[in-house]
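K.L.:
The structure under discussion is supplied below as structure tokens; questions concerning it will follow.
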Amino acid sequence: MLRGLTTVSFWTTDLTAAKEWYTELLGVEPYFERPGYAEFRIGDHQHELGLIDSRYAPAGAGAGPGGAIVYWHVDDVPATLERLLSLGAKEYEPLMERGPGFVTASVTDPFGNVLGVMYNRHYLDMLDARP
């Protein structure tokens with residue numbers, strides 16, 4: 001039924017500032033834009049990270065962090081966390097060893113969205129198994 005991650009969407013009250021911040025963090029410009037929306041393709045599978053003007057948020061959407069965290073695989077969680085903090089993100093969940101081969105941390109970006117980072121041995125195993 002669920003076949004794969006397509007787009008993670010983050011709300012922002014300042015789309016221009018969010019595009020600049022994520023361009024700096026990711027090292028790439030959005031590949032797709034329209035009024036009120038910008039989208040980046042990132043990572044090994046070119047997953048999409050969308051930034052949406054908060055004016056388009058569904059009725060009742062909360063202003064603070066939500067109840068789910070999407071974790072993006074990174075090769076070095078401590079270094080990634082340090083970079084995120086240096087760019088103005090705030091720690092949401094500290095660096096945690098979750099077991100052999102699994103380390104997580106998360107931050108709140110300057111726009112109120114939770115961004116999780118994780119070293120995940122299973123992710124690397126999946127990449128190694130590809131033809």
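As shown in the structure tokens, the chain order sets the letters A, B, ...; within each chain, residues go from 1, and ligands are also counted from 1 in the order they appear.
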Show which residues sit within 6 Å of Ser106 of chain A, as a PyMOL selection string. Count only C-alpha atoms, and ignore same-chain residues fewer than 3 positions away.

P.N.:
chain A and resi 92-93+115-117

K.L.:
Pull N, CA, C and O atoms from the residues just selected and write them as a tab-separated table (two decimals), in the first residue's frame.

P.N.:
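After the write, out.tsv holds the following:
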```
chain	number	residue	atom	x	y	z
A	92	TYR	N	15.65	20.03	19.07
A	92	TYR	CA	14.33	19.52	19.45
A	92	TYR	C	14.49	18.23	20.26
A	92	TYR	O	13.88	18.07	21.28
A	93	GLU	N	15.35	17.36	19.75
A	93	GLU	CA	15.67	16.11	20.43
A	93	GLU	C	17.18	15.94	20.34
A	93	GLU	O	17.74	16.00	19.25
A	115	LEU	N	12.93	18.79	11.82
A	115	LEU	CA	13.77	18.11	10.84
A	115	LEU	C	14.59	17.07	11.60
A	115	LEU	O	15.37	17.43	12.48
A	116	GLY	N	14.38	15.79	11.29
A	116	GLY	CA	15.12	14.72	11.94
A	116	GLY	C	16.27	14.25	11.08
A	116	GLY	O	16.15	14.19	9.86
A	117	VAL	N	17.38	13.91	11.73
A	117	VAL	CA	18.52	13.32	11.03
A	117	VAL	C	18.89	12.03	11.76
A	117	VAL	O	18.73	11.92	12.97
```

K.L.:
Among segment 18-89 of chain A, which ones does DSSP assign to strand (DSSP E) (computed from the backbone)? Answer as a list in words.

P.N.:
Phe32, Glu33, Arg34, Tyr37, Ala38, Glu39, Phe40, Arg41, Ile42, His47, Glu48, Leu49, Gly50, Leu51, Ile52, Asp53, Tyr71, Trp72 and His73 of chain A

K.L.:
I'd like the neighbourhood of Gly50 of chain A as a ChimeraX atom specification, where a residue qualifies if any of its atoms comes within 8 Å (using only C-alpha atoms), though same-chain residues fewer than 6 positions away should be ignored.

P.N.:
/A:7-10,37-40

K.L.:
Between A:Trp72, A:Phe32, A:Trp11, A:Tyr22, single out the one closest to Asp53 of chain A, counting only C-alpha atoms.

P.N.:
A:Trp11

K.L.:
Could you tell me which of A:Thr16, A:Ser86, A:Gln46, A:Thr6 comes closest to Asp109 of chain A if we count only C-alpha atoms?

P.N.:
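Smallest distance to Asp109 of chain A is found for A:Ser86.
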
K.L.:
Could you state the separation of atom CA of Asn113 of chain A and atom CA of Glu29 of chain A in Å, given to one decimal place?

P.N.:
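Going from atom CA of Asn113 of chain A over to atom CA of Glu29 of chain A, I get 19.2 Å.
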
K.L.:
Report as a PDB file with N, CA and C atoms, in the first residue's frame all protein, DNA and RNA residues lying within 8 Å of Val77 of chain A, evaluated on only C-alpha atoms, omitting residues in the same chain fewer than 3 positions from it.

P.N.:
```pdb
ATOM      1  N   VAL A  74      21.866  10.553   7.334  1.00  0.00           N
ATOM      2  CA  VAL A  74      23.102  11.316   7.162  1.00  0.00           C
ATOM      3  C   VAL A  74      24.252  10.420   7.590  1.00  0.00           C
ATOM      4  N   THR A  80      26.278  16.897  11.349  1.00  0.00           N
ATOM      5  CA  THR A  80      25.069  17.454  10.747  1.00  0.00           C
ATOM      6  C   THR A  80      24.306  18.285  11.767  1.00  0.00           C
ATOM      7  N   LEU A  81      24.177  17.775  12.985  1.00  0.00           N
ATOM      8  CA  LEU A  81      23.498  18.510  14.041  1.00  0.00           C
ATOM      9  C   LEU A  81      24.211  19.832  14.308  1.00  0.00           C
ATOM     10  N   LEU A  95      21.064  14.411  20.396  1.00  0.00           N
ATOM     11  CA  LEU A  95      21.708  13.252  19.788  1.00  0.00           C
ATOM     12  C   LEU A  95      21.499  12.052  20.717  1.00  0.00           C
ATOM     13  N   VAL A 103      21.641   6.164  15.204  1.00  0.00           N
ATOM     14  CA  VAL A 103      21.827   7.388  15.980  1.00  0.00           C
ATOM     15  C   VAL A 103      20.865   8.424  15.420  1.00  0.00           C
ATOM     16  N   THR A 104      20.155   9.154  16.297  1.00  0.00           N
ATOM     17  CA  THR A 104      19.206  10.164  15.835  1.00  0.00           C
ATOM     18  C   THR A 104      19.420  11.491  16.552  1.00  0.00           C
ATOM     19  N   ALA A 105      18.887  12.534  15.950  1.00  0.00           N
ATOM     20  CA  ALA A 105      18.765  13.866  16.547  1.00  0.00           C
ATOM     21  C   ALA A 105      17.717  14.593  15.721  1.00  0.00           C
ATOM     22  N   VAL A 117      17.380  13.910  11.729  1.00  0.00           N
ATOM     23  CA  VAL A 117      18.522  13.318  11.032  1.00  0.00           C
ATOM     24  C   VAL A 117      18.885  12.033  11.756  1.00  0.00           C
ATOM     25  N   MET A 118      19.352  11.066  10.978  1.00  0.00           N
ATOM     26  CA  MET A 118      19.597   9.741  11.543  1.00  0.00           C
ATOM     27  C   MET A 118      20.704   9.030  10.769  1.00  0.00           C
ATOM     28  N   TYR A 119      21.569   8.357  11.504  1.00  0.00           N
ATOM     29  CA  TYR A 119      22.450   7.367  10.895  1.00  0.00           C
ATOM     30  C   TYR A 119      21.730   6.046  11.083  1.00  0.00           C
TER      31      TYR A 119
END
```

K.L.:
Between atom CA of Met126 of chain A and atom CA of Leu26 of chain A, what is the distance, to one decimal in Å?

P.N.:
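Separating atom CA of Met126 of chain A from atom CA of Leu26 of chain A is a distance of 22.7 Å.
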
K.L.:
Ranking A:Arg41, A:Leu124, A:Lys90, A:Pro35 by minimum distance to Phe111 of chain A and counting only C-alpha atoms, which one comes first?

P.N.:
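Smallest separation from Phe111 of chain A among the options: A:Lys90.
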
K.L.:
According to DSSP computed on the backbone, where in chain A is there alpha helix (DSSP H)? Give the residues as a PyMOL selection string.

P.N.:
chain A and resi 15-26+77-86+121-129

K.L.:
Next, write the just-selected residues to a file, as a compact mmCIF listing (two decimals), in the first residue's frame, keeping N, CA, C and O atoms as the atom set.

P.N.:
```txt
# COMPACT_ATOMS: atom_id res chain seq x y z
N LEU A 15 8.32 32.29 3.02
CA LEU A 15 8.80 31.36 2.00
C LEU A 15 10.17 31.76 1.46
O LEU A 15 11.03 30.91 1.25
N THR A 16 10.39 33.04 1.24
CA THR A 16 11.69 33.49 0.71
C THR A 16 12.81 33.13 1.66
O THR A 16 13.84 32.57 1.25
N ALA A 17 12.64 33.42 2.95
CA ALA A 17 13.68 33.09 3.93
C ALA A 17 13.86 31.58 4.04
O ALA A 17 14.99 31.10 4.16
N ALA A 18 12.78 30.82 4.01
CA ALA A 18 12.88 29.36 4.09
C ALA A 18 13.63 28.80 2.88
O ALA A 18 14.47 27.90 3.03
N LYS A 19 13.34 29.30 1.68
CA LYS A 19 14.07 28.84 0.48
C LYS A 19 15.55 29.12 0.62
O LYS A 19 16.39 28.28 0.31
N GLU A 20 15.90 30.31 1.12
CA GLU A 20 17.31 30.66 1.28
C GLU A 20 17.98 29.76 2.32
O GLU A 20 19.10 29.29 2.11
N TRP A 21 17.27 29.50 3.43
CA TRP A 21 17.85 28.69 4.49
C TRP A 21 18.08 27.26 4.01
O TRP A 21 19.15 26.69 4.22
N TYR A 22 17.09 26.66 3.35
CA TYR A 22 17.24 25.29 2.87
C TYR A 22 18.21 25.19 1.70
O TYR A 22 18.91 24.18 1.56
N THR A 23 18.30 26.21 0.88
CA THR A 23 19.31 26.22 -0.19
C THR A 23 20.70 26.19 0.42
O THR A 23 21.58 25.43 -0.03
N GLU A 24 20.92 26.99 1.48
CA GLU A 24 22.20 27.00 2.17
C GLU A 24 22.48 25.64 2.82
O GLU A 24 23.56 25.08 2.68
N LEU A 25 21.50 25.07 3.49
CA LEU A 25 21.67 23.79 4.16
C LEU A 25 21.94 22.66 3.17
O LEU A 25 22.87 21.87 3.34
N LEU A 26 21.14 22.58 2.12
CA LEU A 26 21.20 21.46 1.19
C LEU A 26 22.25 21.62 0.09
O LEU A 26 22.63 20.64 -0.54
N VAL A 77 25.89 12.15 12.14
CA VAL A 77 24.84 12.87 12.88
C VAL A 77 25.43 14.02 13.70
O VAL A 77 24.90 15.14 13.63
N PRO A 78 26.51 13.83 14.47
CA PRO A 78 27.02 14.96 15.25
C PRO A 78 27.41 16.16 14.37
O PRO A 78 27.07 17.30 14.70
N ALA A 79 28.08 15.92 13.26
CA ALA A 79 28.48 17.02 12.38
C ALA A 79 27.27 17.69 11.74
O ALA A 79 27.22 18.92 11.60
N THR A 80 26.28 16.90 11.35
CA THR A 80 25.07 17.45 10.75
C THR A 80 24.31 18.28 11.77
O THR A 80 23.84 19.39 11.46
N LEU A 81 24.18 17.77 12.98
CA LEU A 81 23.50 18.51 14.04
C LEU A 81 24.21 19.83 14.31
O LEU A 81 23.57 20.89 14.42
N GLU A 82 25.52 19.80 14.38
CA GLU A 82 26.31 21.02 14.59
C GLU A 82 26.05 22.04 13.47
O GLU A 82 25.87 23.23 13.72
N ARG A 83 26.01 21.57 12.23
CA ARG A 83 25.76 22.48 11.10
C ARG A 83 24.36 23.07 11.18
O ARG A 83 24.18 24.26 10.96
N LEU A 84 23.36 22.25 11.48
CA LEU A 84 21.99 22.75 11.60
C LEU A 84 21.90 23.82 12.68
O LEU A 84 21.28 24.87 12.48
N LEU A 85 22.52 23.58 13.82
CA LEU A 85 22.49 24.55 14.91
C LEU A 85 23.22 25.84 14.52
O LEU A 85 22.77 26.93 14.86
N SER A 86 24.32 25.70 13.78
CA SER A 86 25.06 26.90 13.36
C SER A 86 24.28 27.75 12.36
O SER A 86 24.52 28.94 12.24
N ARG A 121 21.84 2.10 9.85
CA ARG A 121 22.55 0.99 9.18
C ARG A 121 21.66 0.28 8.16
O ARG A 121 22.13 -0.13 7.10
N HIS A 122 20.37 0.15 8.43
CA HIS A 122 19.47 -0.50 7.47
C HIS A 122 19.36 0.28 6.17
O HIS A 122 19.24 -0.31 5.10
N TYR A 123 19.41 1.60 6.25
CA TYR A 123 19.37 2.42 5.04
C TYR A 123 20.60 2.11 4.17
O TYR A 123 20.48 1.92 2.96
N LEU A 124 21.75 2.03 4.80
CA LEU A 124 22.98 1.74 4.04
C LEU A 124 22.95 0.31 3.48
O LEU A 124 23.41 0.09 2.36
N ASP A 125 22.41 -0.63 4.24
CA ASP A 125 22.26 -2.01 3.73
C ASP A 125 21.38 -2.03 2.50
O ASP A 125 21.65 -2.74 1.52
N MET A 126 20.30 -1.24 2.51
CA MET A 126 19.39 -1.18 1.35
C MET A 126 20.12 -0.62 0.14
O MET A 126 19.99 -1.13 -0.98
N LEU A 127 20.93 0.42 0.36
CA LEU A 127 21.69 0.98 -0.76
C LEU A 127 22.69 -0.03 -1.31
O LEU A 127 22.85 -0.15 -2.54
N ASP A 128 23.36 -0.75 -0.41
CA ASP A 128 24.35 -1.75 -0.85
C ASP A 128 23.71 -2.89 -1.62
O ASP A 128 24.36 -3.52 -2.47
N ALA A 129 22.45 -3.19 -1.37
CA ALA A 129 21.76 -4.30 -2.03
C ALA A 129 21.23 -3.96 -3.41
O ALA A 129 20.82 -4.85 -4.15
```

K.L.:
Quote the spacing between atom CA of Asp14 of chain A and atom CA of Tyr56 of chain A in Å to one decimal place.

P.N.:
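Calculated distance between atom CA of Asp14 of chain A and atom CA of Tyr56 of chain A is 12.5 Å.
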
K.L.:
Kindly indicate which residue among A:Val107, A:Ile42, A:Pro94, A:Gly112 lies nearest to Pro65 of chain A, using only C-alpha atoms for the distances.

P.N.:
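The answer is A:Gly112, which sits nearest to Pro65 of chain A.
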
K.L.:
Just checking: using only C-alpha atoms, which residue out of A:Ile69, A:Pro131, A:Glu48, A:Thr13 ends up closest to Gly36 of chain A?

P.N.:
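That would be A:Thr13, the residue with the smallest distance to Gly36 of chain A.
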